[in-house]
$ cat final-v8.cif   # mmCIF, C-alpha atoms
data_coords
#
loop_
_atom_site.label_atom_id
_atom_site.label_comp_id
_atom_site.auth_asym_id
_atom_site.auth_seq_id
_atom_site.Cartn_x
_atom_site.Cartn_y
_atom_site.Cartn_z
CA MET U 1 -31.75 16.93 27.72
CA ASN U 2 -33.64 19.23 30.11
CA ASN U 3 -36.17 20.18 27.47
CA PRO U 4 -39.48 18.55 28.52
CA ALA U 5 -40.51 18.23 24.85
CA SER U 6 -37.34 16.28 24.10
CA LYS U 7 -37.74 12.78 22.72
CA ARG U 8 -34.23 11.90 23.90
CA LYS U 9 -33.99 8.56 25.67
CA PRO U 10 -30.40 7.32 25.54
CA TYR U 11 -30.26 3.54 25.63
CA GLN U 12 -27.69 1.98 27.96
CA ARG U 13 -26.47 -1.43 26.79
CA GLU U 14 -25.57 -4.07 29.39
CA LEU U 15 -22.06 -5.51 29.37
CA PRO U 16 -22.54 -9.28 28.91
CA VAL U 17 -20.76 -11.39 31.56
CA ASP U 18 -18.99 -13.28 28.79
CA TRP U 19 -17.64 -10.06 27.20
CA TRP U 20 -14.12 -11.47 27.34
CA LEU U 21 -15.11 -14.44 25.16
CA LYS U 22 -16.46 -12.21 22.38
CA HIS U 23 -13.07 -11.21 21.05
CA ALA U 24 -9.79 -13.15 20.92
CA PHE U 25 -7.88 -10.09 22.15
CA TYR U 26 -9.89 -9.99 25.38
CA THR U 27 -9.71 -13.77 25.81
CA LYS U 28 -5.91 -13.71 25.53
CA TYR U 29 -5.82 -10.87 28.06
CA MET U 30 -7.96 -12.82 30.50
CA ILE U 31 -5.73 -15.90 30.08
CA ARG U 32 -2.67 -13.70 30.72
CA GLU U 33 -4.25 -12.37 33.91
CA GLY U 34 -5.57 -15.83 34.85
CA THR U 35 -2.06 -17.34 34.70
CA SER U 36 -1.37 -15.40 37.90
CA ILE U 37 -3.59 -17.85 39.79
CA ALA U 38 -1.39 -20.81 38.82
CA ILE U 39 1.72 -18.79 39.68
CA THR U 40 0.26 -17.85 43.09
CA ILE U 41 -0.48 -21.52 43.87
CA TYR U 42 3.04 -22.45 42.71
CA SER U 43 4.51 -19.81 45.04
CA CYS U 44 2.47 -21.14 47.96
CA ILE U 45 3.73 -24.70 47.32
CA LEU U 46 7.28 -23.36 47.22
CA ALA U 47 6.78 -21.42 50.47
CA TRP U 48 5.31 -24.56 52.04
CA GLY U 49 8.46 -26.45 51.00
CA LEU U 50 10.60 -23.82 52.73
CA LEU U 51 8.58 -24.23 55.91
CA ARG U 52 8.96 -28.03 55.74
CA LEU U 53 12.71 -27.61 55.22
CA SER U 54 12.92 -25.65 58.47
CA GLN U 55 11.13 -28.51 60.27
CA GLY U 56 13.86 -31.07 59.62
CA PRO U 57 14.91 -33.71 57.06
CA GLU U 58 11.81 -35.90 57.46
CA ALA U 59 9.40 -33.08 56.88
CA TRP U 60 11.45 -32.02 53.85
CA GLN U 61 11.42 -35.56 52.45
CA GLY U 62 7.65 -35.67 52.93
CA TRP U 63 7.27 -32.51 50.91
CA LEU U 64 9.53 -33.92 48.16
CA ASN U 65 7.47 -37.13 48.10
CA ALA U 66 4.24 -35.16 47.85
CA LEU U 67 5.61 -33.46 44.74
CA GLN U 68 5.95 -36.89 43.06
CA HIS U 69 2.18 -37.29 43.08
CA PRO U 70 0.75 -37.28 39.52
CA ILE U 71 -1.50 -34.31 40.36
CA ALA U 72 1.49 -32.34 41.64
CA VAL U 73 3.47 -33.19 38.48
CA LEU U 74 0.54 -32.26 36.25
CA PHE U 75 0.04 -28.98 38.12
CA HIS U 76 3.72 -28.05 37.74
CA ILE U 77 3.66 -28.75 34.00
CA LEU U 78 0.55 -26.56 33.72
CA ALA U 79 2.08 -23.83 35.89
CA LEU U 80 5.22 -23.86 33.72
CA ALA U 81 3.13 -23.49 30.55
CA PHE U 82 1.16 -20.61 32.11
CA ALA U 83 4.31 -18.92 33.39
CA LEU U 84 5.87 -19.12 29.92
CA TYR U 85 2.70 -17.71 28.34
CA HIS U 86 2.70 -14.87 30.85
CA THR U 87 6.39 -14.22 30.23
CA VAL U 88 6.09 -14.10 26.45
CA THR U 89 2.98 -11.88 26.45
CA TRP U 90 4.44 -9.65 29.16
CA PHE U 91 7.74 -9.20 27.31
CA ASP U 92 5.75 -8.24 24.21
CA LEU U 93 4.05 -5.49 26.23
CA ALA U 94 7.21 -4.33 28.01
CA PRO U 95 8.13 -1.63 25.43
CA LYS U 96 4.93 0.23 26.33
CA ALA U 97 6.21 0.78 29.86
CA ALA U 98 9.67 1.87 28.70
CA ASP U 99 10.48 5.31 27.38
CA ILE U 100 14.15 5.24 26.50
CA TRP U 101 15.54 7.91 24.23
CA LEU U 102 19.00 7.72 22.68
CA LYS U 103 20.43 10.65 20.70
CA GLY U 104 17.00 12.23 20.30
CA LYS U 105 15.33 9.04 19.02
CA LYS U 106 13.09 6.63 20.89
CA LEU U 107 14.76 3.25 21.33
CA ASP U 108 13.16 0.69 19.00
CA ASP U 109 10.67 -1.64 20.72
CA LYS U 110 12.48 -4.77 19.58
CA PHE U 111 15.62 -3.89 21.57
CA ILE U 112 13.57 -3.65 24.76
CA VAL U 113 11.93 -7.02 24.06
CA ILE U 114 15.31 -8.63 23.21
CA GLY U 115 16.77 -7.09 26.39
CA HIS U 116 14.10 -8.81 28.44
CA TYR U 117 14.82 -12.20 26.83
CA VAL U 118 18.55 -11.75 27.43
CA GLY U 119 17.81 -10.96 31.09
CA PHE U 120 15.53 -14.01 31.27
CA VAL U 121 18.22 -16.34 29.87
CA LEU U 122 20.94 -14.91 32.14
CA ALA U 123 18.74 -15.21 35.25
CA THR U 124 17.81 -18.81 34.32
CA LEU U 125 21.49 -19.71 33.80
CA ALA U 126 22.45 -18.08 37.11
CA ALA U 127 19.68 -20.03 38.89
CA LEU U 128 20.81 -23.31 37.26
CA ILE U 129 24.42 -22.70 38.30
CA ILE U 130 23.40 -21.97 41.90
CA ILE U 131 21.20 -25.10 42.05
CA THR U 132 23.75 -27.47 40.51
CA LEU U 133 26.76 -26.20 42.49
CA MET J 1 -24.67 -11.70 -14.78
CA THR J 2 -26.29 -9.85 -11.92
CA ASN J 3 -24.33 -7.40 -9.82
CA PRO J 4 -23.06 -8.83 -6.56
CA ILE J 5 -24.94 -7.84 -3.43
CA ILE J 6 -23.69 -7.44 0.12
CA GLU J 7 -25.89 -7.57 3.19
CA ILE J 8 -25.46 -5.15 6.09
CA ASP J 9 -27.05 -5.61 9.51
CA ILE J 10 -27.55 -2.37 11.40
CA LEU J 11 -28.47 -2.11 15.06
CA ARG J 12 -31.27 0.43 15.05
CA TYR J 13 -32.75 2.41 17.90
CA ARG J 14 -35.34 5.17 17.52
CA PRO J 15 -35.93 6.64 20.99
CA GLU J 16 -39.37 8.06 20.17
CA GLN J 17 -40.78 4.62 19.25
CA ASP J 18 -38.42 1.82 20.36
CA THR J 19 -37.83 0.54 23.87
CA THR J 20 -34.88 -1.63 22.85
CA PRO J 21 -32.56 -1.66 19.82
CA PHE J 22 -33.23 -4.14 17.01
CA ILE J 23 -31.39 -5.34 13.92
CA GLN J 24 -32.44 -4.30 10.44
CA THR J 25 -30.84 -5.83 7.37
CA TYR J 26 -30.12 -3.92 4.17
CA SER J 27 -28.87 -5.32 0.85
CA ILE J 28 -26.78 -3.04 -1.31
CA PRO J 29 -24.79 -3.48 -4.53
CA TYR J 30 -21.25 -4.54 -3.70
CA ASP J 31 -18.40 -2.28 -4.79
CA GLU J 32 -14.88 -3.08 -3.70
CA GLU J 33 -13.97 0.61 -3.54
CA MET J 34 -16.85 1.42 -1.21
CA SER J 35 -16.17 2.27 2.42
CA ILE J 36 -18.59 1.33 5.19
CA LEU J 37 -19.44 5.02 5.53
CA GLU J 38 -20.26 5.26 1.82
CA ALA J 39 -22.40 2.13 2.19
CA LEU J 40 -24.35 3.89 4.96
CA GLN J 41 -24.74 6.95 2.76
CA TYR J 42 -26.04 4.70 -0.02
CA ILE J 43 -28.57 3.15 2.38
CA LYS J 44 -29.69 6.59 3.61
CA ASP J 45 -29.98 8.03 0.08
CA GLU J 46 -31.49 5.05 -1.73
CA LEU J 47 -33.12 2.68 0.75
CA ASP J 48 -34.02 4.18 4.11
CA GLY J 49 -33.77 7.88 4.87
CA SER J 50 -34.57 7.31 8.54
CA ILE J 51 -31.19 5.83 9.41
CA SER J 52 -28.91 8.04 11.56
CA PHE J 53 -25.12 8.09 11.74
CA ARG J 54 -22.43 10.72 12.26
CA TRP J 55 -19.86 11.64 9.67
CA SER J 56 -18.03 14.61 8.20
CA CYS J 57 -14.60 14.44 6.58
CA ARG J 58 -14.59 10.92 5.00
CA MET J 59 -10.80 10.74 5.52
CA ALA J 60 -10.06 9.73 9.13
CA ILE J 61 -9.47 13.25 10.38
CA CYS J 62 -12.72 14.37 11.98
CA GLY J 63 -13.24 11.31 14.17
CA SER J 64 -17.03 11.34 13.71
CA CYS J 65 -17.86 8.00 12.09
CA GLY J 66 -16.66 5.59 14.78
CA MET J 67 -18.81 2.46 15.07
CA MET J 68 -18.59 -1.24 15.86
CA ILE J 69 -17.96 -3.12 12.63
CA ASP J 70 -18.39 -6.86 13.24
CA GLY J 71 -17.78 -6.13 16.92
CA VAL J 72 -14.57 -4.15 16.40
CA PRO J 73 -14.40 -0.38 16.96
CA LYS J 74 -13.45 1.23 13.64
CA LEU J 75 -13.95 4.40 11.62
CA GLY J 76 -16.59 3.82 8.95
CA CYS J 77 -14.52 5.80 6.46
CA LYS J 78 -11.40 3.67 7.05
CA ALA J 79 -13.04 0.24 6.67
CA PHE J 80 -14.09 -1.14 3.31
CA LEU J 81 -16.72 -3.58 2.07
CA ARG J 82 -13.98 -5.61 0.36
CA ASP J 83 -12.53 -6.49 3.79
CA TYR J 84 -15.76 -8.35 4.64
CA TYR J 85 -17.31 -9.43 1.32
CA PRO J 86 -18.97 -11.88 0.66
CA ASN J 87 -19.85 -12.09 4.37
CA LYS J 88 -22.62 -10.09 5.92
CA ILE J 89 -21.41 -7.04 7.89
CA LYS J 90 -22.80 -6.09 11.28
CA LEU J 91 -22.79 -2.41 12.27
CA GLU J 92 -23.53 -1.27 15.81
CA PRO J 93 -23.05 2.02 17.63
CA LEU J 94 -19.75 2.36 19.52
CA ALA J 95 -19.73 0.04 22.53
CA ASN J 96 -19.61 1.38 26.10
CA PHE J 97 -21.50 4.57 25.21
CA PRO J 98 -25.27 5.08 25.55
CA ILE J 99 -27.10 4.96 22.20
CA GLU J 100 -28.66 8.26 21.18
CA ARG J 101 -30.22 6.98 17.95
CA ASP J 102 -29.20 4.19 15.54
CA LEU J 103 -25.41 4.46 15.13
CA VAL J 104 -25.15 7.75 17.03
CA VAL J 105 -23.91 7.53 20.63
CA VAL J 106 -23.90 9.99 23.53
CA MET J 107 -20.30 11.12 23.94
CA ASP J 108 -20.82 13.74 26.68
CA ASP J 109 -18.87 11.77 29.26
CA PHE J 110 -15.95 11.32 26.88
CA ILE J 111 -15.84 15.03 26.03
CA LYS J 112 -16.08 15.94 29.72
CA LYS J 113 -13.06 13.73 30.41
CA LEU J 114 -11.02 15.29 27.60
CA GLU J 115 -11.75 18.71 29.09
CA SER J 116 -10.97 17.60 32.63
CA ILE J 117 -7.25 16.96 32.11
CA LYS J 118 -6.34 20.64 31.52
CA PRO J 119 -5.70 20.13 27.79
CA TYR J 120 -3.78 23.35 27.23
CA ILE J 121 -0.22 24.55 27.76
CA ILE J 122 0.37 25.85 31.26
CA PRO J 123 3.62 27.82 30.91
CA ALA J 124 6.00 28.29 33.84
CA GLN J 125 5.84 32.01 33.17
CA GLU J 126 3.33 33.82 31.01
CA LYS J 127 5.05 35.71 28.20
CA SER J 128 3.65 38.66 26.36
CA ILE J 129 3.26 38.38 22.60
CA ASP J 130 6.11 40.90 22.23
CA ASP J 131 8.50 38.43 23.88
CA GLY J 132 7.99 36.09 20.94
CA GLU J 133 7.00 32.44 20.67
CA TYR J 134 7.79 29.54 22.97
CA ILE J 135 10.70 27.86 21.19
CA GLN J 136 10.80 24.08 20.80
CA THR J 137 13.31 21.81 19.05
CA PRO J 138 12.18 18.92 16.79
CA GLU J 139 13.60 16.56 19.40
CA GLN J 140 11.42 18.10 22.11
CA MET J 141 8.41 17.86 19.84
CA ALA J 142 9.11 14.17 19.09
CA LYS J 143 8.56 13.40 22.79
CA TYR J 144 4.84 14.20 22.63
CA LYS J 145 3.94 14.27 18.91
CA GLN J 146 2.48 10.74 18.81
CA PHE J 147 0.04 11.62 21.61
CA SER J 148 -1.07 14.78 19.82
CA MET J 149 -2.40 12.82 16.82
CA CYS J 150 -5.66 11.86 18.58
CA ILE J 151 -8.82 12.81 16.68
CA ASN J 152 -11.21 12.21 19.62
CA CYS J 153 -13.12 9.46 17.81
CA GLY J 154 -13.73 7.46 20.99
CA LEU J 155 -12.74 4.06 19.53
CA CYS J 156 -10.35 3.47 22.45
CA TYR J 157 -13.17 3.91 24.99
CA SER J 158 -15.20 1.34 23.07
CA ALA J 159 -12.23 -1.02 23.21
CA CYS J 160 -11.67 -0.57 26.94
CA PRO J 161 -13.29 -3.18 29.24
CA GLN J 162 -12.32 -1.11 32.29
CA TYR J 163 -14.34 1.83 30.98
CA ALA J 164 -17.16 -0.61 30.22
CA LEU J 165 -17.13 -1.84 33.82
CA ASN J 166 -16.74 1.58 35.41
CA THR J 167 -17.26 4.82 33.48
CA GLU J 168 -15.57 6.77 36.30
CA PHE J 169 -12.24 5.68 34.79
CA THR J 170 -10.60 8.66 33.07
CA GLY J 171 -9.88 6.40 30.11
CA PRO J 172 -7.38 6.00 27.28
CA ALA J 173 -7.79 9.10 25.06
CA ALA J 174 -7.98 11.58 27.96
CA LEU J 175 -4.89 10.10 29.61
CA ALA J 176 -3.03 10.07 26.27
CA LEU J 177 -3.98 13.73 25.85
CA LEU J 178 -2.74 14.39 29.37
CA ALA J 179 0.57 12.78 28.35
CA ARG J 180 0.67 15.01 25.28
CA TYR J 181 0.71 18.11 27.51
CA ASN J 182 2.89 16.75 30.31
CA ARG J 183 5.54 15.72 27.79
CA ASP J 184 5.55 19.13 26.07
CA SER J 185 8.71 21.12 26.85
CA ARG J 186 6.72 24.39 26.87
CA ASP J 187 4.40 23.12 29.58
CA ALA J 188 4.90 23.37 33.34
CA GLY J 189 1.53 21.98 34.45
CA SER J 190 2.69 18.41 35.20
CA ALA J 191 2.28 18.73 38.97
CA GLN J 192 -1.36 19.84 38.56
CA ARG J 193 -2.12 17.05 36.11
CA MET J 194 -0.41 14.38 38.22
CA GLU J 195 -3.30 14.75 40.68
CA ILE J 196 -5.60 13.47 37.90
CA VAL J 197 -3.12 10.70 37.04
CA ASN J 198 -2.78 9.57 40.69
CA ALA J 199 -6.51 9.68 41.43
CA GLU J 200 -8.59 6.54 42.03
CA GLU J 201 -10.14 6.92 38.56
CA GLY J 202 -6.75 7.85 37.04
CA VAL J 203 -4.14 5.49 35.58
CA TRP J 204 -4.60 2.81 38.25
CA GLY J 205 -8.04 2.05 36.83
CA CYS J 206 -6.20 0.54 33.85
CA THR J 207 -5.34 -3.18 33.92
CA PHE J 208 -3.30 -3.03 30.72
CA VAL J 209 -5.63 -4.85 28.37
CA GLY J 210 -3.94 -2.84 25.61
CA TYR J 211 -6.76 -3.05 23.05
CA CYS J 212 -7.08 0.78 23.02
CA SER J 213 -3.74 1.11 21.24
CA GLN J 214 -4.66 -1.70 18.86
CA VAL J 215 -7.87 -0.03 17.61
CA CYS J 216 -6.55 3.56 17.41
CA PRO J 217 -6.90 4.68 13.77
CA LYS J 218 -4.17 7.31 14.17
CA GLY J 219 -1.37 5.23 15.68
CA VAL J 220 -1.65 6.84 19.12
CA ASP J 221 -0.58 4.52 21.93
CA PRO J 222 -2.77 5.32 24.96
CA ALA J 223 -1.77 2.06 26.66
CA ALA J 224 1.87 3.20 26.61
CA ALA J 225 0.94 6.65 27.94
CA ILE J 226 -0.92 5.04 30.84
CA GLN J 227 1.79 2.49 31.73
CA LEU J 228 4.44 5.24 31.72
CA PHE J 229 2.19 7.28 34.00
CA LYS J 230 1.95 4.32 36.37
CA VAL J 231 5.75 4.53 36.72
CA GLU J 232 5.49 8.30 37.33
CA SER J 233 2.62 7.85 39.75
CA ALA J 234 4.53 5.22 41.75
CA LYS J 235 7.56 7.55 41.91
CA ASP J 236 5.27 10.39 43.03
CA TYR J 237 3.91 8.19 45.80
CA LEU J 238 7.35 7.12 47.03
CA ILE J 239 8.71 10.66 46.97
CA GLY J 240 5.57 11.83 48.81
CA MET J 241 6.27 9.31 51.60
CA PHE J 242 9.63 10.88 52.35
CA LYS J 243 8.91 14.45 51.38
CA PRO J 244 5.28 15.19 52.22
CA ASP J 245 4.01 18.61 51.24
#
$ encode --input "final-v8.cif" --output "structure tokens"
Amino acid sequence: MNNPASKRKPYQRELPVDWWLKHAFYTKYMIREGTSIAITIYSCILAWGLLRLSQGPEAWQGWLNALQHPIAVLFHILALAFALYHTVTWFDLAPKAADIWLKGKKLDDKFIVIGHYVGFVLATLAALIIITL
Amino acid sequence: MTNPIIEIDILRYRPEQDTTPFIQTYSIPYDEEMSILEALQYIKDELDGSISFRWSCRMAICGSCGMMIDGVPKLGCKAFLRDYYPNKIKLEPLANFPIERDLVVVMDDFIKKLESIKPYIIPAQEKSIDDGEYIQTPEQMAKYKQFSMCINCGLCYSACPQYALNTEFTGPAALALLARYNRDSRDAGSAQRMEIVNAEEGVWGCTFVGYCSQVCPKGVDPAAAIQLFKVESAKDYLIGMFKPD
């Protein structure tokens, strides 16, 4: 490259801003990451509810009423869909972050994925029991 | 009946005369046994001797013929015309690397990264040849074997948007190679290599897109190597908080 007679002139391609729309794999990844925005907003609404609860029954009722608004209902349906998408795609990736060896053999990926679903179901049941008690 | 024809678009770039790459289309006789690499050889031999591409073994061992085939990083020798026919095929040089000429890219940065991770066994104690070999059980070998299958083709770097956005990132193949040595029972260099793992351009540059593992022609799983290192790196950080040295 330091040879002055060299005809070398490496061409650097630009990364297009819509690179993540060029391939379904990237698009799905961006959606997975993007779901975090909905989950963050959901968490903020929940934290707001907690604050209103600490301010007395009227404030709490106001928060509950606000949740009845069609936009709030629509947002929660959307947030649930996004959270489920994130959960499913994340569970699929979970085996990559697990390195469990039993009797000299790596534990099959499917057991790690199934383990996550079992944990998910148990945690959901536990939450339902606590709420309904 | 005339023989079927398949069209191939090639992104061409001749540094001595072109300022930007351009597409040139070639039509060749279709053969369902023909690989993309053989199609390129046909074009070079029969149609246009000026076309440049890298190749050697023709059997997915040398890692030379990586290119973008319809936008997907693949080895030319491991992709076949029949997977695309009757559609036109588009060939481009590997993404995220500078183009040297036609389908040849500049891989200096990639090679530099492979070298940077201390890709050799660092034993706890040097032994003389008279003391015999470093013994390893099949079980110990199984822990790193997958990561030793890399052929340095660079497809994973082409698949990595993080490398595309910032070439400082150590990247999938180099970190998988680092895992190969850190997981080797004969090696005691983990502490030295963890500095590379923990660095700004180390594993935390990865956002777990995971496409690197998808495109690997040898079944290496760089995404797994990197996520496991994130766990190690986090442990390193926590331990360092309580036990600074």
$ resolve_selection --input "final-v8.cif" --expression "the PyMOL selection byres ((chain U) within 10 of (chain J))" --output "PyMOL selection string"
chain U and resi 6-15+19-20+22-23+25-26+28-30+32-33+93-99+101+103-106
$ resolve_selection --input "final-v8.cif" --expression "the PyMOL selection byres ((chain U and resi 110-115) around 8)" --output "ChimeraX atom specification"
/U:91-92,94-95,98,107-109,116-119
$ residues_around --input "final-v8.cif" --residues "Gly76 in chain J" --least-positions-apart "2" --cutoff "9 Å" --atoms "all atoms listed in the file" --output "PyMOL selection string"
chain J and resi 35-38+40+55+58+60+64-69+74+78-80
$ write_last_selection --input "final-v8.cif" --atoms "C-alpha atoms" --output "PDB file, in the frame of the given file"
ATOM      1  CA  SER J  35     -16.170   2.270   2.420  1.00  0.00           C
ATOM      2  CA  ILE J  36     -18.590   1.330   5.190  1.00  0.00           C
ATOM      3  CA  LEU J  37     -19.440   5.020   5.530  1.00  0.00           C
ATOM      4  CA  GLU J  38     -20.260   5.260   1.820  1.00  0.00           C
ATOM      5  CA  LEU J  40     -24.350   3.890   4.960  1.00  0.00           C
ATOM      6  CA  TRP J  55     -19.860  11.640   9.670  1.00  0.00           C
ATOM      7  CA  ARG J  58     -14.590  10.920   5.000  1.00  0.00           C
ATOM      8  CA  ALA J  60     -10.060   9.730   9.130  1.00  0.00           C
ATOM      9  CA  SER J  64     -17.030  11.340  13.710  1.00  0.00           C
ATOM     10  CA  CYS J  65     -17.860   8.000  12.090  1.00  0.00           C
ATOM     11  CA  GLY J  66     -16.660   5.590  14.780  1.00  0.00           C
ATOM     12  CA  MET J  67     -18.810   2.460  15.070  1.00  0.00           C
ATOM     13  CA  MET J  68     -18.590  -1.240  15.860  1.00  0.00           C
ATOM     14  CA  ILE J  69     -17.960  -3.120  12.630  1.00  0.00           C
ATOM     15  CA  LYS J  74     -13.450   1.230  13.640  1.00  0.00           C
ATOM     16  CA  LYS J  78     -11.400   3.670   7.050  1.00  0.00           C
ATOM     17  CA  ALA J  79     -13.040   0.240   6.670  1.00  0.00           C
ATOM     18  CA  PHE J  80     -14.090  -1.140   3.310  1.00  0.00           C
TER      19      PHE J  80
END
$ resolve_selection --input "final-v8.cif" --expression "the PyMOL selection byres ((chain U and resi 82-86) around 10)" --output "JSON list (two decimals) with C-alpha atoms, in the frame of the given file"
[["chain", "number", "residue", "atom", "x", "y", "z"],
["U", 28, "LYS", "CA", -5.91, -13.71, 25.53],
["U", 29, "TYR", "CA", -5.82, -10.87, 28.06],
["U", 31, "ILE", "CA", -5.73, -15.90, 30.08],
["U", 32, "ARG", "CA", -2.67, -13.70, 30.72],
["U", 33, "GLU", "CA", -4.25, -12.37, 33.91],
["U", 34, "GLY", "CA", -5.57, -15.83, 34.85],
["U", 35, "THR", "CA", -2.06, -17.34, 34.70],
["U", 36, "SER", "CA", -1.37, -15.40, 37.90],
["U", 37, "ILE", "CA", -3.59, -17.85, 39.79],
["U", 38, "ALA", "CA", -1.39, -20.81, 38.82],
["U", 39, "ILE", "CA", 1.72, -18.79, 39.68],
["U", 76, "HIS", "CA", 3.72, -28.05, 37.74],
["U", 77, "ILE", "CA", 3.66, -28.75, 34.00],
["U", 78, "LEU", "CA", 0.55, -26.56, 33.72],
["U", 79, "ALA", "CA", 2.08, -23.83, 35.89],
["U", 80, "LEU", "CA", 5.22, -23.86, 33.72],
["U", 81, "ALA", "CA", 3.13, -23.49, 30.55],
["U", 87, "THR", "CA", 6.39, -14.22, 30.23],
["U", 88, "VAL", "CA", 6.09, -14.10, 26.45],
["U", 89, "THR", "CA", 2.98, -11.88, 26.45],
["U", 90, "TRP", "CA", 4.44, -9.65, 29.16],
["U", 91, "PHE", "CA", 7.74, -9.20, 27.31],
["U", 92, "ASP", "CA", 5.75, -8.24, 24.21]]
$ axis_aligned_box --input "final-v8.cif" --around "range 4-10 of chain J" --padding-each-side "8 Å" --output "JSON"
{"center_x": -25.3, "center_y": -5.6, "center_z": 2.4, "size_x": 20.5, "size_y": 22.5, "size_z": 34.0}
$ atom_distance --input "final-v8.cif" --atom1 "CA of Ile117 in chain J" --atom2 "CA of Pro93 in chain J"
26.1 Å
$ atom_distance --input "final-v8.cif" --atom1 "CA of Ser27 in chain J" --atom2 "CA of Glu7 in chain J"
4.4 Å
$ residues_near_point --input "final-v8.cif" --point "(6.0, 12.7, 38.7)" --cutoff "8 Å" --atoms "all atoms listed in the file" --output "list in words"
Ser190, Ala191, Met194, Glu232, Ser233, Lys235 and Asp236 of chain J
$ atom_distance --input "final-v8.cif" --atom1 "CA of Arg52 in chain U" --atom2 "CA of Ile129 in chain U"
23.9 Å
$ residues_around --input "final-v8.cif" --residues "Trp48 in chain U" --least-positions-apart "2" --cutoff "12 Å" --atoms "all atoms listed in the file" --output "ChimeraX atom specification"
/U:41-46,50-55,59-60,62-64,66-67
$ closest_residue --input "final-v8.cif" --among "J:Asp108, J:Glu201, J:Asp187, J:Glu33" --to "Gln136 in chain J" --atoms "all atoms listed in the file"
J:Asp187
$ closest_residue --input "final-v8.cif" --among "J:Leu175, J:Val104, J:Ile122, J:Cys77" --to "Leu11 in chain J" --atoms "all atoms listed in the file"
J:Val104
$ decode --input "final-v8.cif" --residues "range 31-46 of chain U" --atoms "N, CA and C atoms" --output "CSV table (one decimal), in the first residue's frame"
chain,number,residue,atom,x,y,z
U,31,ILE,N,-37.0,-5.5,15.6
U,31,ILE,CA,-38.3,-5.6,16.2
U,31,ILE,C,-38.1,-6.1,17.7
U,32,ARG,N,-37.3,-7.1,17.8
U,32,ARG,CA,-37.0,-7.6,19.2
U,32,ARG,C,-36.4,-6.5,20.1
U,33,GLU,N,-35.5,-5.8,19.5
U,33,GLU,CA,-34.9,-4.7,20.3
U,33,GLU,C,-35.9,-3.6,20.6
U,34,GLY,N,-36.7,-3.3,19.5
U,34,GLY,CA,-37.7,-2.2,19.6
U,34,GLY,C,-38.8,-2.5,20.6
U,35,THR,N,-39.1,-3.8,20.9
U,35,THR,CA,-40.1,-4.1,21.8
U,35,THR,C,-39.8,-3.6,23.2
U,36,SER,N,-38.5,-3.3,23.5
U,36,SER,CA,-38.1,-2.8,24.8
U,36,SER,C,-38.7,-1.4,25.0
U,37,ILE,N,-39.0,-0.7,24.0
U,37,ILE,CA,-39.6,0.7,24.1
U,37,ILE,C,-40.9,0.5,24.7
U,38,ALA,N,-41.8,-0.4,24.2
U,38,ALA,CA,-43.1,-0.6,24.7
U,38,ALA,C,-43.1,-1.1,26.1
U,39,ILE,N,-42.1,-2.0,26.4
U,39,ILE,CA,-42.0,-2.5,27.8
U,39,ILE,C,-41.5,-1.4,28.8
U,40,THR,N,-40.7,-0.5,28.3
U,40,THR,CA,-40.2,0.6,29.2
U,40,THR,C,-41.4,1.5,29.5
U,41,ILE,N,-42.3,1.8,28.5
U,41,ILE,CA,-43.4,2.7,28.7
U,41,ILE,C,-44.4,2.0,29.7
U,42,TYR,N,-44.6,0.6,29.4
U,42,TYR,CA,-45.5,-0.1,30.3
U,42,TYR,C,-45.0,0.0,31.8
U,43,SER,N,-43.7,-0.2,32.0
U,43,SER,CA,-43.1,-0.1,33.3
U,43,SER,C,-43.3,1.2,34.0
U,44,CYS,N,-43.2,2.3,33.1
U,44,CYS,CA,-43.4,3.6,33.6
U,44,CYS,C,-44.8,3.8,34.1
U,45,ILE,N,-45.8,3.3,33.3
U,45,ILE,CA,-47.2,3.4,33.7
U,45,ILE,C,-47.5,2.7,35.0
U,46,LEU,N,-46.8,1.5,35.1
U,46,LEU,CA,-47.0,0.7,36.3
U,46,LEU,C,-46.4,1.4,37.5
